[in-house]
Every structure is written in C-alpha cells, then in structure tokens.
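Below is one structure, written out as structure tokens; comments come after it.
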Amino acid sequence: MAATSYFLLAVFLALASSQAIASDPSPLQDFCVADKLSPVKVNGFVCKDPMAVNADDFFKAAKLDEPRNTMHSKVGSNVTLINVMQLPGLNTLGISIARIDYAPLGLNPPHTHPRATEILTVLEGTLYVGFVTSNPNNTLFTKELNKGDVFVFPQGLIHFQFNPVHDKPAVALAALSSQNPGVITIANAVFGSKPPISDDVLAKAFQVGKGTIDWLQAQFWENNHY
C-alpha cells in the first residue's frame, strides 16, 4: 500500500511539474526586469538588481497609435512586436503585444507562435482570419472580423490574417501569452531555410517536381516583422 501511495504521489508531482514548465516561467517576486547584459544563460533572462530598476524598465515609447509602412512588404503587412527584447520589464510576466498593419489585400501569412496563444482585436477595417488544427484532422476555422471584433489563435497552431478589402487598410492589436512568443512563417521556414532543405525531401513531401521546389526556394522570402 505504501509503495502504491508513493507511486501515485510521484505521478502527481510529475504531472504538476510538466504543467508548471509548459509556459513562461512564473514570477516568484513582484518583477524580474531582464538583465540583457548578464553573461549568465537561463530560460529567459537573469533578473536585474531590484535596486537598479526604475520606471523606464517598464516603459517603451512604441507609438503603437501610429500607422506603419506596408508599401515595402511583398505580402502587404507590417508586424510591430513589443516583447521582452524591447521592454525588459516583461521578463517572467508571460505577455507581449503587437500592432499589425495590413495594406489593402494585405496578408499576415500562415505562421505559428511556438510559445504563445494569441488574442487579436481589429482596430480598423476588416480581416479574414483562420487557423488549422493539428493532424490528423487539419480542420480549418475561419471568420470575417470587423472593427471591435476579437479572435483567438491557440498556441502552436498555424494561423493567418488577410485584409479582403481592395481599397482600405486594416489594423489589429494582438496580445500573446509569452514574453517571447516566437514566430515561424511556414513558407519562409520550408522554402527559405539556410541552408536549404533538400529539394528531394520537399518534392517528396509536397508531391511535386523538383523544378517547382527549386523555383520556390529561389524566391525572396521576406520577414514582415519589424
């Protein structure tokens, strides 16, 4: 009986621990402002000496109210992300924010955030948004959003936003549940990796000729995050 109890306790602690490390580190004090100059490597950043912390560590004049330039983006979007790299006070707090500007017919192409759920609010215009569930179903959920509407993209799932209007821009604000959510743009990762993935591998995966893969890999896969 005692052995069984110890086993169940061990299983419980293992499950609890796995949940505890499944997202950003939880704060164990009021704040842990990132010390980005520290040579110590940890999961996140070492805490700055609290006595050296001031209000500017929690502030950034990001001007998120100002429109961003989408003219130089091939996909017609511009993502302005404020994470722990720009705002050290976010360290261990598990949150970041982004402004996304869309040109008419602009696209924030299919991508994932490996470390964050995203909640998006439309500030101006209209957006067609969606995400795809994991294998084996790969179900597509889509919705057309208007000003004031909110949509959630679950962590790690491929998602996108598209402005379907040909003569009006759109703007959205996104909150993400990580101080450093990360982004993997699918086309960039698959066809723009350095060094490139073997065209034998991609031709087999996509069931197309190697000439098609070579053409895709020769394209310029730009980053729309600024």
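Ordered as shown in the structure tokens, chains take letters A, B, and onward, while each chain numbers its residues from 1 and ligands are numbered from 1 in the order shown.
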Do a neighbour search on A:Arg99 at 8 Å with only C-alpha atoms, toss out local chain neighbours closer than 4 positions, and write the hits as a ChimeraX atom specification. /A:64,79-81,171-174
Using only C-alpha atoms, determine which residues lie at most 9 Å from A:Asp24, disregarding the query and same-chain residues fewer than 2 positions distant; provide the list as a PyMOL selection string. chain A and resi 20-22+26+43-44+92-95+115+177-180
Can you write just those residues out, N, CA, C and O atoms, as a compact mmCIF listing (two decimals), in the first residue's frame?
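Generated output (selection22.txt):
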```
# COMPACT_ATOMS: atom_id res chain seq x y z
N ALA A 20 3.77 23.05 -14.90
CA ALA A 20 4.44 24.25 -14.43
C ALA A 20 5.45 24.78 -15.42
O ALA A 20 5.70 25.97 -15.50
N ILE A 21 6.06 23.89 -16.21
CA ILE A 21 7.10 24.31 -17.16
C ILE A 21 6.56 24.41 -18.58
O ILE A 21 7.33 24.55 -19.51
N ALA A 22 5.24 24.32 -18.74
CA ALA A 22 4.67 24.30 -20.08
C ALA A 22 4.53 25.69 -20.69
O ALA A 22 4.15 25.82 -21.83
N SER A 26 6.96 31.38 -14.18
CA SER A 26 6.10 32.22 -13.35
C SER A 26 6.94 33.07 -12.41
O SER A 26 7.95 32.60 -11.89
N ASN A 43 16.63 30.20 -18.87
CA ASN A 43 15.43 30.17 -19.69
C ASN A 43 14.69 31.49 -19.52
O ASN A 43 13.85 31.65 -18.64
N GLY A 44 15.01 32.45 -20.36
CA GLY A 44 14.54 33.82 -20.21
C GLY A 44 15.74 34.71 -19.96
O GLY A 44 16.75 34.59 -20.65
N THR A 92 9.52 37.26 -17.33
CA THR A 92 8.77 36.33 -16.46
C THR A 92 7.28 36.65 -16.35
O THR A 92 6.55 35.93 -15.68
N LEU A 93 6.80 37.69 -17.03
CA LEU A 93 5.39 38.06 -16.89
C LEU A 93 4.48 37.36 -17.89
O LEU A 93 3.25 37.43 -17.78
N GLY A 94 5.04 36.71 -18.91
CA GLY A 94 4.25 35.86 -19.79
C GLY A 94 3.29 36.59 -20.70
O GLY A 94 2.19 36.10 -20.97
N ILE A 95 3.71 37.76 -21.20
CA ILE A 95 2.81 38.51 -22.08
C ILE A 95 3.64 39.41 -23.00
O ILE A 95 4.74 39.85 -22.65
N ARG A 115 5.40 29.44 -28.70
CA ARG A 115 5.35 29.61 -27.25
C ARG A 115 4.17 30.45 -26.77
O ARG A 115 4.15 30.87 -25.61
N SER A 177 0.61 35.28 -25.15
CA SER A 177 0.81 34.79 -23.79
C SER A 177 2.25 34.32 -23.53
O SER A 177 2.47 33.26 -22.95
N SER A 178 3.19 35.11 -23.98
CA SER A 178 4.59 34.83 -23.71
C SER A 178 5.38 36.12 -23.80
O SER A 178 5.06 37.00 -24.60
N GLN A 179 6.45 36.22 -22.99
CA GLN A 179 7.33 37.38 -23.10
C GLN A 179 8.13 37.34 -24.39
O GLN A 179 8.64 38.36 -24.85
N ASN A 180 8.22 36.15 -25.01
CA ASN A 180 8.96 35.95 -26.26
C ASN A 180 8.27 34.85 -27.06
O ASN A 180 8.72 33.70 -27.08
```
Rank nothing, just name the residue among A:Phe191, A:Phe153, A:Tyr102, A:Phe160 nearest to A:Leu176, using only C-alpha atoms.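 Looking only at the distances to A:Leu176, the closest residue turns out to be A:Phe153.
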For the strand (DSSP E or B) assignment from backbone DSSP, which residues of stretch 4-185 of chain A qualify? Please present them as a ChimeraX atom specification. /A:34,47,77-82,96-102,107-112,118-124,126-132,140-146,150-153,158-162,170-176,184-185
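Straight-line separation from atom CA of A:Ala175 to atom CA of A:Thr139: 23.9 Å.
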With only C-alpha atoms as the counted atoms, please give the residues lying no more than 8 Å from A:Asp57, apart from itself and same-chain residues fewer than 5 positions off, as a PDB file with N, CA, C and O atoms, in the first residue's frame.
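Below is the file that was written, around-v5.pdb:
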```
ATOM      1  N   VAL A  33      12.978  42.265 -13.863  1.00  0.00           N
ATOM      2  CA  VAL A  33      13.372  43.009 -15.055  1.00  0.00           C
ATOM      3  C   VAL A  33      14.587  42.331 -15.690  1.00  0.00           C
ATOM      4  O   VAL A  33      15.550  41.978 -15.016  1.00  0.00           O
ATOM      5  N   LEU A  87      11.183  45.538 -24.167  1.00  0.00           N
ATOM      6  CA  LEU A  87      10.635  46.010 -22.892  1.00  0.00           C
ATOM      7  C   LEU A  87      11.067  45.041 -21.794  1.00  0.00           C
ATOM      8  O   LEU A  87      10.381  44.048 -21.522  1.00  0.00           O
ATOM      9  N   PRO A  88      12.213  45.286 -21.153  1.00  0.00           N
ATOM     10  CA  PRO A  88      12.771  44.310 -20.211  1.00  0.00           C
ATOM     11  C   PRO A  88      11.897  43.999 -19.013  1.00  0.00           C
ATOM     12  O   PRO A  88      12.015  42.934 -18.412  1.00  0.00           O
ATOM     13  N   GLY A  89      10.979  44.899 -18.675  1.00  0.00           N
ATOM     14  CA  GLY A  89      10.066  44.636 -17.565  1.00  0.00           C
ATOM     15  C   GLY A  89       9.109  43.492 -17.813  1.00  0.00           C
ATOM     16  O   GLY A  89       8.458  43.006 -16.883  1.00  0.00           O
TER      17      GLY A  89
END
```
With a distance cut-off of 7 Å and only C-alpha atoms, select the neighbouring residues of A:Val183, excluding the residue or stretch itself and same-chain residues fewer than 3 positions from it, and output the selection as a list in words.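 Counting only C-alpha atoms, the residues come to His111, Thr112, His113 and Pro114 of chain A.
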One decimal, in Å: what's the spacing between atom CA of A:Ala116 and atom CA of A:Asp49?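 The value is 27.7 Å.
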Applying 12 Å and only C-alpha atoms, which residues near stretch 108-110 of chain A remain after dropping the ones on its own chain fewer than 6 positions away? List them as a PyMOL selection string. chain A and resi 70+73-79+99-102+127-132+153+156-164+170-172+183-190+221-225
Residues flagged helix (DSSP H, G or I) by DSSP in stretch 39-149 of chain A, as a ChimeraX atom specification: /A:50-52,55-58,88-90
Just N, CA, C and O atoms for this one: save the residues we selected as an mmCIF file, in the first residue's frame.
```
data_model
loop_
_atom_site.group_PDB
_atom_site.id
_atom_site.type_symbol
_atom_site.label_atom_id
_atom_site.label_comp_id
_atom_site.auth_asym_id
_atom_site.auth_seq_id
_atom_site.Cartn_x
_atom_site.Cartn_y
_atom_site.Cartn_z
ATOM 1 N N PRO A 50 17.121 44.612 -8.240
ATOM 2 C CA PRO A 50 15.917 45.424 -7.975
ATOM 3 C C PRO A 50 16.217 46.857 -7.576
ATOM 4 O O PRO A 50 15.433 47.765 -7.856
ATOM 5 N N MET A 51 17.368 47.083 -6.922
ATOM 6 C CA MET A 51 17.715 48.429 -6.502
ATOM 7 C C MET A 51 18.099 49.317 -7.686
ATOM 8 O O MET A 51 18.122 50.542 -7.573
ATOM 9 N N ALA A 52 18.394 48.678 -8.832
ATOM 10 C CA ALA A 52 18.762 49.439 -10.030
ATOM 11 C C ALA A 52 17.589 49.604 -10.994
ATOM 12 O O ALA A 52 17.721 50.235 -12.043
ATOM 13 N N ALA A 55 11.353 53.177 -13.474
ATOM 14 C CA ALA A 55 10.117 53.137 -14.259
ATOM 15 C C ALA A 55 10.368 52.901 -15.740
ATOM 16 O O ALA A 55 9.529 52.296 -16.433
ATOM 17 N N ASP A 56 11.522 53.338 -16.249
ATOM 18 C CA ASP A 56 11.811 53.162 -17.668
ATOM 19 C C ASP A 56 11.962 51.692 -18.050
ATOM 20 O O ASP A 56 11.828 51.339 -19.230
ATOM 21 N N ASP A 57 12.233 50.816 -17.088
ATOM 22 C CA ASP A 57 12.328 49.384 -17.375
ATOM 23 C C ASP A 57 10.967 48.789 -17.731
ATOM 24 O O ASP A 57 10.891 47.705 -18.313
ATOM 25 N N PHE A 58 9.888 49.499 -17.385
ATOM 26 C CA PHE A 58 8.532 49.029 -17.655
ATOM 27 C C PHE A 58 7.844 49.865 -18.731
ATOM 28 O O PHE A 58 6.634 49.748 -18.937
ATOM 29 N N PRO A 88 12.213 45.286 -21.153
ATOM 30 C CA PRO A 88 12.771 44.310 -20.211
ATOM 31 C C PRO A 88 11.897 43.999 -19.013
ATOM 32 O O PRO A 88 12.015 42.934 -18.412
ATOM 33 N N GLY A 89 10.979 44.899 -18.675
ATOM 34 C CA GLY A 89 10.066 44.636 -17.565
ATOM 35 C C GLY A 89 9.109 43.492 -17.813
ATOM 36 O O GLY A 89 8.458 43.006 -16.883
ATOM 37 N N LEU A 90 9.010 42.998 -19.062
ATOM 38 C CA LEU A 90 8.135 41.871 -19.374
ATOM 39 C C LEU A 90 8.707 40.533 -18.921
ATOM 40 O O LEU A 90 7.986 39.529 -18.911
#
```
Any idea what the distance is between atom CA of A:Ser193 and atom CA of A:Met71?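 Atom-to-atom, atom CA of A:Ser193 and atom CA of A:Met71 are spaced 24.8 Å apart.
Take the candidates A:Ile119, A:Ala103, A:Ile197, A:Cys47 and check each one against A:Leu28 using only C-alpha atoms; the shortest distance goes to A:Cys47.
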